[in-house]
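model.csv follows (CSV, C-alpha atoms):
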```
chain,number,residue,atom,x,y,z
A,41,MET,CA,69.5,-0.9,59.2
A,42,THR,CA,68.6,2.7,59.7
A,43,ASN,CA,70.3,3.6,56.5
A,44,ASP,CA,68.1,1.1,54.6
A,45,GLN,CA,64.9,2.2,56.2
A,46,LEU,CA,65.3,5.9,55.5
A,47,PRO,CA,64.5,6.0,51.7
A,48,THR,CA,61.3,3.9,52.2
A,49,LYS,CA,59.5,6.8,53.8
A,50,PRO,CA,59.6,9.2,50.8
A,51,ILE,CA,58.8,6.3,48.5
A,52,LEU,CA,55.7,5.4,50.5
A,53,LEU,CA,54.7,9.1,50.6
A,54,LEU,CA,55.1,9.3,46.9
A,55,LEU,CA,53.0,6.2,46.4
A,56,CYS,CA,50.3,7.7,48.6
A,57,LEU,CA,50.4,10.9,46.6
A,58,ILE,CA,50.1,9.0,43.3
A,59,LEU,CA,47.1,7.1,44.7
A,60,LEU,CA,45.5,10.3,45.9
A,61,THR,CA,46.0,12.2,42.6
A,62,GLY,CA,44.4,9.1,40.9
A,63,CYS,CA,41.2,9.9,42.8
A,64,PHE,CA,41.0,13.4,41.4
A,65,GLY,CA,42.3,12.6,37.9
A,66,TYR,CA,40.9,14.0,34.7
A,67,PRO,CA,38.8,13.6,32.7
A,68,GLN,CA,36.1,13.4,35.3
A,69,PHE,CA,32.3,13.7,35.2
A,70,LEU,CA,30.7,16.8,36.7
A,71,SER,CA,27.6,16.2,38.9
A,72,TYR,CA,24.8,18.6,38.4
A,73,PRO,CA,21.9,18.2,40.8
A,74,PHE,CA,19.2,15.8,39.6
A,75,ASP,CA,16.0,17.8,40.1
A,76,THR,CA,12.6,16.1,40.2
A,77,GLY,CA,10.9,19.5,40.0
A,78,GLY,CA,12.2,20.1,36.5
A,79,ARG,CA,14.5,23.0,37.2
A,80,GLY,CA,17.8,21.2,36.8
A,81,LEU,CA,19.8,19.8,34.0
A,82,ASN,CA,18.4,16.3,34.3
A,83,SER,CA,14.8,15.4,35.3
A,84,PRO,CA,12.7,12.2,35.6
A,85,ALA,CA,11.9,12.8,31.9
A,86,SER,CA,14.4,12.2,29.1
A,87,GLU,CA,16.9,14.9,28.0
A,88,LEU,CA,18.0,14.9,24.4
A,89,ASN,CA,20.5,16.5,22.0
A,90,PRO,CA,22.7,18.5,24.4
A,91,GLN,CA,24.9,21.2,23.0
A,92,ILE,CA,27.4,23.1,25.2
A,93,SER,CA,28.7,26.6,24.4
A,94,GLY,CA,30.6,28.5,27.1
A,95,ARG,CA,28.5,28.5,30.3
A,96,TYR,CA,25.3,27.3,28.6
A,97,ILE,CA,24.0,23.9,27.8
A,98,VAL,CA,20.9,23.7,25.5
A,99,PHE,CA,18.8,20.5,25.2
A,100,THR,CA,15.4,19.1,24.5
A,101,SER,CA,13.2,17.6,27.2
A,102,ASP,CA,9.6,16.5,27.6
A,103,ARG,CA,9.6,17.2,31.4
A,104,GLN,CA,6.5,19.4,31.1
A,105,GLY,CA,4.5,17.0,29.0
A,106,SER,CA,5.5,18.3,25.6
A,107,GLN,CA,8.9,18.4,23.9
A,108,ASP,CA,10.5,21.8,24.5
A,109,VAL,CA,13.9,23.5,24.3
A,110,TYR,CA,15.7,24.3,27.5
A,111,MET,CA,18.8,26.3,28.3
A,112,PHE,CA,20.9,25.5,31.5
A,113,ASP,CA,23.4,27.9,32.9
A,114,THR,CA,26.3,25.9,34.4
A,115,VAL,CA,27.5,28.9,36.5
A,116,THR,CA,24.2,29.8,38.3
A,117,ARG,CA,23.1,26.1,38.0
A,118,ASN,CA,19.7,27.2,36.9
A,119,LEU,CA,17.5,27.1,33.8
A,120,VAL,CA,17.5,30.3,31.7
A,121,ASP,CA,14.1,31.6,30.6
A,122,LEU,CA,13.5,31.6,26.9
A,123,PRO,CA,10.3,33.6,26.5
A,124,GLY,CA,8.4,33.0,23.3
A,125,LEU,CA,10.6,30.2,22.1
A,126,ASN,CA,8.4,27.2,23.0
A,127,SER,CA,4.8,27.5,22.1
A,128,LEU,CA,1.9,25.2,22.6
A,129,ASP,CA,1.3,24.2,19.0
A,130,THR,CA,4.9,23.5,18.0
A,131,ILE,CA,7.4,20.8,18.8
A,132,THR,CA,10.9,22.2,19.2
A,133,SER,CA,14.0,20.1,19.0
A,134,ASN,CA,17.8,20.0,18.2
A,135,PRO,CA,18.8,23.3,19.8
A,136,SER,CA,22.2,24.9,19.4
A,137,VAL,CA,23.5,28.1,21.1
A,138,SER,CA,26.1,30.7,20.6
A,139,LEU,CA,28.9,31.4,23.1
A,140,ASP,CA,27.3,34.5,24.5
A,141,GLY,CA,24.0,32.7,24.9
A,142,ARG,CA,22.2,35.3,22.7
A,143,TYR,CA,21.4,33.3,19.6
A,144,LEU,CA,19.7,29.9,19.5
A,145,VAL,CA,18.8,27.8,16.4
A,146,PHE,CA,16.4,24.9,16.6
A,147,VAL,CA,13.9,22.9,14.6
A,148,ALA,CA,10.3,23.8,15.0
A,149,SER,CA,7.7,21.4,13.8
A,150,ARG,CA,4.1,22.5,13.3
A,151,GLU,CA,1.4,20.3,11.7
A,152,GLY,CA,4.1,18.1,10.1
A,153,TYR,CA,6.0,21.1,8.6
A,154,LYS,CA,9.5,21.5,9.9
A,155,ALA,CA,11.6,24.6,9.7
A,156,ILE,CA,14.8,26.0,11.2
A,157,PHE,CA,14.3,29.0,13.5
A,158,LEU,CA,16.8,31.5,14.9
A,159,TYR,CA,15.9,32.9,18.3
A,160,ASP,CA,17.3,36.1,19.6
A,161,ARG,CA,17.3,36.3,23.4
A,162,GLU,CA,17.5,40.1,23.4
A,163,THR,CA,14.4,40.6,21.4
A,164,HIS,CA,12.7,37.3,22.3
A,165,GLN,CA,11.9,36.9,18.6
A,166,SER,CA,12.2,33.8,16.4
A,167,ARG,CA,12.9,34.1,12.7
A,168,ASN,CA,12.3,31.3,10.2
A,169,LEU,CA,15.6,30.8,8.3
A,170,THR,CA,14.3,28.2,5.8
A,171,ALA,CA,11.0,29.6,4.9
A,172,ASN,CA,12.0,29.8,1.2
A,173,LEU,CA,13.6,26.4,1.1
A,174,GLN,CA,11.2,23.7,-0.3
A,175,ARG,CA,13.1,20.9,1.5
A,176,GLU,CA,12.9,18.9,4.6
A,177,VAL,CA,15.4,20.2,7.2
A,178,ARG,CA,17.0,18.9,10.4
A,179,ASN,CA,20.1,19.1,12.7
A,180,PRO,CA,20.9,22.8,12.8
A,181,ARG,CA,24.1,24.0,14.5
A,182,ILE,CA,25.2,27.6,15.1
A,183,SER,CA,28.9,28.5,15.4
A,184,ALA,CA,29.9,29.8,18.8
A,185,ASP,CA,30.5,33.3,17.5
A,186,GLY,CA,26.9,33.3,16.2
A,187,SER,CA,27.9,34.1,12.6
A,188,ARG,CA,26.9,30.9,10.7
A,189,ILE,CA,24.4,28.2,10.8
A,190,ALA,CA,24.9,24.7,9.3
A,191,PHE,CA,22.0,22.2,8.8
A,192,GLU,CA,20.9,19.2,6.8
A,193,SER,CA,18.3,19.4,4.1
A,194,SER,CA,16.8,16.7,2.0
A,195,HIS,CA,15.8,16.6,-1.6
A,196,ASN,CA,14.1,13.3,-2.7
A,197,GLY,CA,15.4,11.7,0.5
A,198,GLN,CA,19.0,12.5,-0.1
A,199,TRP,CA,20.5,14.6,2.7
A,200,SER,CA,23.1,17.3,2.1
A,201,ILE,CA,24.5,20.2,4.1
A,202,SER,CA,23.8,23.9,3.8
A,203,VAL,CA,25.5,26.7,5.6
A,204,TYR,CA,23.8,30.1,6.1
A,205,GLU,CA,25.0,33.4,7.5
A,206,ARG,CA,23.0,34.5,10.5
A,207,SER,CA,21.3,37.1,8.2
A,208,GLY,CA,19.8,34.2,6.2
A,209,GLN,CA,22.2,34.5,3.3
A,210,PRO,CA,23.5,31.1,2.0
A,211,VAL,CA,27.2,30.5,2.1
A,212,ASN,CA,28.6,29.4,-1.2
A,213,LEU,CA,29.7,25.7,-1.0
A,214,PRO,CA,31.2,23.5,-3.7
A,215,ARG,CA,28.8,21.3,-5.7
A,216,VAL,CA,29.5,18.3,-3.5
A,217,PHE,CA,27.4,19.8,-0.8
A,218,GLN,CA,24.4,20.6,-3.0
B,176,MET,CA,84.0,-10.9,-19.1
B,177,LYS,CA,82.0,-12.7,-21.8
B,178,LYS,CA,79.9,-14.4,-19.3
B,179,SER,CA,79.2,-11.3,-17.3
B,180,THR,CA,77.6,-9.2,-20.1
B,181,PRO,CA,74.3,-11.2,-20.4
B,182,LYS,CA,74.1,-11.2,-16.7
B,183,PHE,CA,74.5,-7.5,-16.6
B,184,TRP,CA,71.8,-7.1,-19.2
B,185,LEU,CA,69.4,-9.0,-17.1
B,186,GLN,CA,70.3,-7.1,-14.0
B,187,ARG,CA,69.6,-3.8,-15.9
B,188,LEU,CA,66.2,-5.0,-17.0
B,189,LEU,CA,65.4,-6.1,-13.5
B,190,TYR,CA,66.5,-2.7,-12.2
B,191,TRP,CA,64.2,-0.8,-14.6
B,192,SER,CA,61.3,-3.1,-13.9
B,193,LEU,CA,61.8,-2.4,-10.3
B,194,VAL,CA,61.7,1.4,-10.9
B,195,PHE,CA,58.5,1.1,-13.0
B,196,ALA,CA,56.9,-1.1,-10.3
B,197,LEU,CA,57.8,1.5,-7.7
B,198,ILE,CA,56.3,4.3,-9.8
B,199,ALA,CA,53.2,2.2,-10.3
B,200,VAL,CA,52.8,1.6,-6.6
B,201,LEU,CA,53.3,5.2,-5.8
B,202,GLY,CA,50.8,6.2,-8.5
B,203,SER,CA,48.2,4.1,-6.9
B,204,CYS,CA,48.6,5.9,-3.6
B,205,THR,CA,45.8,8.4,-4.0
B,206,THR,CA,44.7,10.6,-1.2
B,207,ASN,CA,41.5,9.6,0.5
B,208,ASP,CA,39.8,12.9,-0.1
B,209,ILE,CA,36.4,12.6,-1.5
B,210,PRO,CA,36.2,13.7,-5.1
B,211,LEU,CA,34.7,17.1,-5.8
B,212,GLY,CA,32.2,18.1,-8.4
B,213,THR,CA,31.1,14.6,-9.4
B,214,THR,CA,27.8,14.7,-7.6
B,215,SER,CA,24.4,15.1,-9.1
B,216,LEU,CA,20.9,15.0,-7.6
B,217,ASN,CA,20.8,11.3,-8.2
B,218,SER,CA,24.3,10.5,-6.8
B,219,ARG,CA,24.7,8.3,-3.8
B,220,TYR,CA,26.5,10.9,-1.8
B,221,THR,CA,24.9,12.0,1.5
B,222,GLU,CA,26.2,14.5,3.9
B,223,GLN,CA,25.0,14.4,7.4
B,224,GLN,CA,25.6,15.6,11.0
B,225,PRO,CA,27.2,19.0,10.3
B,226,ALA,CA,29.2,20.8,13.0
B,227,LEU,CA,30.7,24.3,12.8
B,228,SER,CA,33.9,25.4,14.5
B,229,GLY,CA,33.3,28.3,17.0
B,230,ASN,CA,34.6,30.9,14.5
B,231,GLY,CA,32.4,29.6,11.7
B,232,ARG,CA,35.3,28.7,9.5
B,233,PHE,CA,35.4,24.9,9.6
B,234,LEU,CA,32.6,22.5,8.9
B,235,ALA,CA,32.9,18.9,10.0
B,236,PHE,CA,30.4,16.3,8.7
B,237,VAL,CA,29.8,12.7,7.9
B,238,SER,CA,30.1,11.9,4.2
B,239,SER,CA,28.7,8.7,2.9
B,240,PHE,CA,29.3,7.3,-0.5
B,241,LYS,CA,28.0,3.8,-1.4
B,242,HIS,CA,28.8,1.8,1.7
B,243,SER,CA,31.7,3.7,3.1
B,244,GLN,CA,31.4,6.5,5.6
B,245,GLN,CA,33.9,9.2,6.5
B,246,LEU,CA,34.2,12.0,8.9
B,247,VAL,CA,35.6,15.0,7.0
B,248,VAL,CA,36.5,18.6,7.8
B,249,TYR,CA,36.0,21.4,5.3
B,250,ASP,CA,37.5,24.8,5.4
B,251,LEU,CA,34.8,27.3,4.3
B,252,GLN,CA,37.4,30.1,3.9
B,253,GLU,CA,40.0,28.3,1.8
B,254,GLN,CA,37.2,26.2,0.2
B,255,LYS,CA,39.1,22.9,0.6
B,256,PHE,CA,39.0,19.8,2.7
B,257,ILE,CA,41.5,19.7,5.6
B,258,PRO,CA,43.6,16.6,5.9
B,259,THR,CA,42.9,14.8,9.2
B,260,PRO,CA,45.3,11.7,9.3
B,261,GLY,CA,44.2,9.1,11.8
B,262,LEU,CA,40.7,10.5,12.2
B,263,ASN,CA,39.0,7.7,10.2
B,264,PRO,CA,40.4,4.3,11.3
B,265,GLN,CA,39.8,1.4,9.0
B,266,SER,CA,38.0,-0.8,11.6
B,267,THR,CA,35.4,1.6,13.0
B,268,VAL,CA,33.1,4.4,11.9
B,269,ALA,CA,33.5,7.9,13.2
B,270,GLU,CA,30.3,9.9,13.5
B,271,SER,CA,28.5,12.8,15.4
B,272,PRO,CA,31.3,15.3,15.1
B,273,SER,CA,31.6,18.5,17.2
B,274,LEU,CA,34.3,21.2,16.9
B,275,SER,CA,36.0,23.6,19.3
B,276,TYR,CA,36.5,27.3,18.6
B,277,THR,CA,39.2,27.2,15.9
B,278,GLY,CA,38.5,23.6,15.0
B,279,ARG,CA,41.6,22.3,16.9
B,280,TYR,CA,39.6,19.6,18.8
B,281,ILE,CA,37.1,17.3,17.2
B,282,ALA,CA,34.9,15.3,19.6
B,283,TYR,CA,33.1,12.4,17.9
B,284,LEU,CA,31.5,9.0,18.5
B,285,LYS,CA,33.1,5.8,17.5
B,286,SER,CA,32.8,2.1,18.2
B,287,ASP,CA,35.2,0.4,20.5
B,288,GLN,CA,34.7,-3.4,20.6
B,289,GLY,CA,31.0,-2.9,19.7
B,290,ARG,CA,30.4,-0.2,22.3
B,291,PRO,CA,30.0,3.5,21.5
B,292,VAL,CA,32.8,5.7,23.0
B,293,ILE,CA,33.6,9.4,22.8
B,294,ALA,CA,36.9,10.1,21.2
B,295,LEU,CA,38.8,13.4,20.9
B,296,TYR,CA,41.0,14.2,17.9
B,297,ASP,CA,43.6,17.0,18.3
B,298,ARG,CA,44.4,18.5,14.9
B,299,THR,CA,47.7,19.9,16.4
B,300,SER,CA,49.1,16.5,17.4
B,301,GLN,CA,47.0,14.6,14.8
B,302,GLN,CA,46.2,12.1,17.5
B,303,SER,CA,43.0,10.6,18.7
B,304,GLN,CA,42.2,9.5,22.2
B,305,ILE,CA,39.2,7.8,23.8
B,306,LEU,CA,37.7,9.9,26.6
B,307,THR,CA,35.2,7.4,28.0
B,308,LEU,CA,37.2,4.2,28.2
B,309,MET,CA,35.9,3.3,31.7
B,310,TYR,CA,32.4,4.5,31.1
B,311,ARG,CA,30.0,1.6,31.3
B,312,TYR,CA,26.8,3.0,29.9
B,313,TRP,CA,25.4,3.5,26.4
B,314,LEU,CA,26.0,7.0,25.1
B,315,ARG,CA,25.5,9.2,22.0
B,316,ASN,CA,25.5,12.8,20.7
B,317,PRO,CA,28.7,14.3,22.1
B,318,SER,CA,29.2,18.1,22.0
B,319,ILE,CA,32.5,19.8,22.9
B,320,SER,CA,32.6,23.3,24.4
B,321,PRO,CA,34.3,26.0,22.2
B,322,ASP,CA,37.3,26.1,24.6
B,323,GLY,CA,37.6,22.3,24.3
B,324,ARG,CA,37.5,21.6,28.0
B,325,TYR,CA,34.0,20.3,28.5
B,326,ILE,CA,32.1,17.6,26.6
B,327,VAL,CA,28.3,17.0,27.1
B,328,PHE,CA,26.6,13.9,25.8
B,329,GLU,CA,23.5,11.8,26.2
B,330,SER,CA,23.9,8.9,28.6
B,331,ALA,CA,21.6,6.0,29.3
B,332,SER,CA,22.9,5.5,32.9
B,333,ARG,CA,19.5,6.0,34.5
B,334,GLY,CA,17.6,3.9,31.9
B,335,GLN,CA,16.6,6.9,29.9
B,336,TRP,CA,18.6,9.5,28.0
B,337,ASP,CA,20.1,12.1,30.4
B,338,ILE,CA,22.8,14.6,30.0
B,339,GLU,CA,26.3,14.1,31.4
B,340,VAL,CA,29.1,16.6,31.5
B,341,LEU,CA,32.7,15.5,31.1
B,342,ASP,CA,35.5,17.8,32.3
B,343,ARG,CA,38.9,17.4,30.7
B,344,GLY,CA,40.5,19.2,33.6
B,345,PRO,CA,42.2,22.6,34.3
B,346,ASN,CA,45.4,21.5,32.5
B,347,THR,CA,43.5,21.3,29.1
B,348,GLU,CA,45.1,23.4,26.4
B,349,LEU,CA,42.2,25.7,25.7
B,350,ASP,CA,41.1,26.5,22.2
B,351,ILE,CA,40.4,30.2,22.4
B,352,PRO,CA,40.7,32.8,19.6
B,353,ASN,CA,43.9,34.7,19.3
B,354,GLY,CA,44.1,37.9,21.4
B,355,ALA,CA,41.1,36.9,23.6
B,356,ALA,CA,41.3,37.4,27.3
B,357,VAL,CA,41.4,34.2,29.3
B,358,GLU,CA,38.7,35.6,31.6
B,359,ALA,CA,36.4,35.7,28.6
B,360,GLU,CA,36.1,31.9,28.8
B,361,LYS,CA,34.4,30.8,32.0
B,362,THR,CA,36.1,28.4,34.3
B,363,ASN,CA,33.7,26.1,36.0
B,364,ASP,CA,35.2,25.6,39.4
B,365,GLN,CA,34.2,22.2,40.8
```
Here is a file; write its structure as structure tokens.
Amino acid sequence: MTNDQLPTKPILLLLCLILLTGCFGYPQFLSYPFDTGGRGLNSPASELNPQISGRYIVFTSDRQGSQDVYMFDTVTRNLVDLPGLNSLDTITSNPSVSLDGRYLVFVASREGYKAIFLYDRETHQSRNLTANLQREVRNPRISADGSRIAFESSHNGQWSISVYERSGQPVNLPRVFQ
Amino acid sequence: MKKSTPKFWLQRLLYWSLVFALIAVLGSCTTNDIPLGTTSLNSRYTEQQPALSGNGRFLAFVSSFKHSQQLVVYDLQEQKFIPTPGLNPQSTVAESPSLSYTGRYIAYLKSDQGRPVIALYDRTSQQSQILTLMYRYWLRNPSISPDGRYIVFESASRGQWDIEVLDRGPNTELDIPNGAAVEAEKTNDQ
């Protein structure tokens, strides 16, 4: 009898361990504090178009009454200030950020005119990347190294993809993209 | 002997017809790459939802032609499309792509029994897996971190669009550039 009972203990222990690891299994959802004051990742208003790059998450929210771009630092768990990015007379959307958090691209809409802007967090300056492009533009994405920007542009309602260097120089793509 | 000759002839014809049939079948096996250089301003091609790999080399996007839609990956350096077998299943549509640093991981949205789920394609193993199988809420717009460990997306769990962060865990094979220090990538200790 004692010989039969002996192996059950490690088996039970093993089963318990398996059950316990199941509780902490991956993939799992991370919980960031829900802040009604608007300083967190989520707020009572809606949050749209999140993009993660390293420690930063950029997104759009209308938590302060108008649609603005926000940047959340997952390490300090706070919003990062973006001075000069959001202004009162423009609607900003679809942000994308580089890995070091220095460069952001986004769509700025003013009086119905949309353009893609590149924001530099060191100089706090925004530059219009598509000023010379007589097309409707949307959905910009910057590569994590900050070297290139891809976006959609429309000619007669037909959407195609363009890629620019950060300097604003278009990258040569085959005809299928144009 | 006399009887076997006509039989042999028939067998030989049958043999050759089989060979030709096989060649014809093989010839019809074209790759599913979208044809290059056939577009004009009035073509029915559209390219949408671009995503760049972290190093800026690969471009993933949704290409539509007539009524079919495909998720494709283009190499900007070699100027050619990258084969991604198993990324576009016949039954569902893959969309909203997002790439990790060297383009190893592709996070995208697909439909699983009429419900949107986030799937992850690993170009190394050429396998796709669903990450949000047990997730009950409506979701959209996934974005993968350059190292491939975290995925953020919009979730309707609170009745409006909010942001959720999914952690693939510390055992995830990170997609970091060659020669980079591991410390350069942050580890979000939870």
Next item on the list: Skip A:Gly208 itself and residues of its chain fewer than 4 positions away, then list as a list in words all residues within 12 Å of it, counting all atoms listed in the file.
Entry: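 With the cut-off at 12 Å, the set is Ile156, Phe157, Leu158, Arg167, Asn168, Leu169, Thr170, Ala171, Asn172, Leu173, Ser187, Arg188, Ile189, Ala190, Ser202, Val203 and Tyr204 of chain A.
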Any idea which chain A residues end up within 7 Å of chain B if we count only C-alpha atoms, as a compact mmCIF listing (two decimals) with C-alpha atoms, in the frame of the given file please?
```txt
# COMPACT_ATOMS: atom_id res chain seq x y z
CA TYR A 66 40.90 14.00 34.70
CA PRO A 67 38.80 13.60 32.70
CA GLN A 68 36.10 13.40 35.30
CA PHE A 69 32.30 13.70 35.20
CA LEU A 70 30.70 16.80 36.70
CA ASN A 82 18.40 16.30 34.30
CA SER A 86 14.40 12.20 29.10
CA GLU A 87 16.90 14.90 28.00
CA LEU A 88 18.00 14.90 24.40
CA ASN A 89 20.50 16.50 22.00
CA PRO A 90 22.70 18.50 24.40
CA GLN A 91 24.90 21.20 23.00
CA ILE A 92 27.40 23.10 25.20
CA SER A 93 28.70 26.60 24.40
CA GLY A 94 30.60 28.50 27.10
CA ARG A 95 28.50 28.50 30.30
CA VAL A 115 27.50 28.90 36.50
CA ASN A 179 20.10 19.10 12.70
CA ARG A 181 24.10 24.00 14.50
CA ILE A 182 25.20 27.60 15.10
CA SER A 183 28.90 28.50 15.40
CA ALA A 184 29.90 29.80 18.80
CA ASP A 185 30.50 33.30 17.50
CA SER A 187 27.90 34.10 12.60
CA ARG A 188 26.90 30.90 10.70
CA ALA A 190 24.90 24.70 9.30
CA PHE A 191 22.00 22.20 8.80
CA GLU A 192 20.90 19.20 6.80
CA GLN A 198 19.00 12.50 -0.10
CA TRP A 199 20.50 14.60 2.70
CA SER A 200 23.10 17.30 2.10
CA ILE A 201 24.50 20.20 4.10
CA ARG A 215 28.80 21.30 -5.70
CA VAL A 216 29.50 18.30 -3.50
```
Next item on the list: For atom CA of B:Ala294 and atom CA of B:Ser271, determine how far apart the two atoms are, in Å to one decimal place.
Entry: 10.6 Å
Notebook entry, point to check: So which residues touch A:Tyr143 within 7 Å, counting only C-alpha atoms, skipping near sequence neighbours fewer than 2 positions away, as a list in words?
Noted result: Val137, Ser138, Gly141, Val145, Leu158, Tyr159, Asp160, Arg161 and Gly186 of chain A
Item checked: Pick from A:Leu54, A:Gln165, A:Gln107, A:Phe112, whichever lies nearest to A:Ser149 using all atoms listed in the file ->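 Result for the nearest residue to A:Ser149: A:Gln107.
Here atom CA of A:Gly65 and atom CA of B:Ser303 stand 19.3 Å from one another.
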Next item on the list: Pick out the residues sitting within 8 Å of A:Pro84, and hand them over as a list in words; count only C-alpha atoms, and ignore anything fewer than 6 positions along from it in its own chain.
Entry: Asp75, Thr76, Gly78 and Arg103 of chain A
Margin query: List as a VMD selection string the residues having at least one atom at most 6 Å from position (8.6, 20.1, 24.0) as given in the file, counting all atoms listed in the file.
Written below: chain A and resid 102 106 to 108 131 to 132
Can I get the selected residues back with C-alpha atoms, as a compact mmCIF listing (two decimals), in the frame of the given file?
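Output (part36.txt):
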```txt
# COMPACT_ATOMS: atom_id res chain seq x y z
CA ASP A 102 9.60 16.50 27.60
CA SER A 106 5.50 18.30 25.60
CA GLN A 107 8.90 18.40 23.90
CA ASP A 108 10.50 21.80 24.50
CA ILE A 131 7.40 20.80 18.80
CA THR A 132 10.90 22.20 19.20
```
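Going from atom CA of B:Gln288 over to atom CA of B:Ser266, you cover 9.9 Å.
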Margin query: Taking 2 positions as the minimum chain separation for residues in the same chain, which residues sit within 12 Å of B:Gln302 when counting only C-alpha atoms? Answer as a PyMOL selection string.
Written below: chain B and resi 259-264+279-282+294-300+304-305
Next item on the list: For the point (10.6, 37.5, 22.6) in the file's frame, write as JSON, numbers by chain all residues with an atom no more than 6 Å away, counting only C-alpha atoms.
Entry: {"A": [123, 124, 163, 164, 165]}
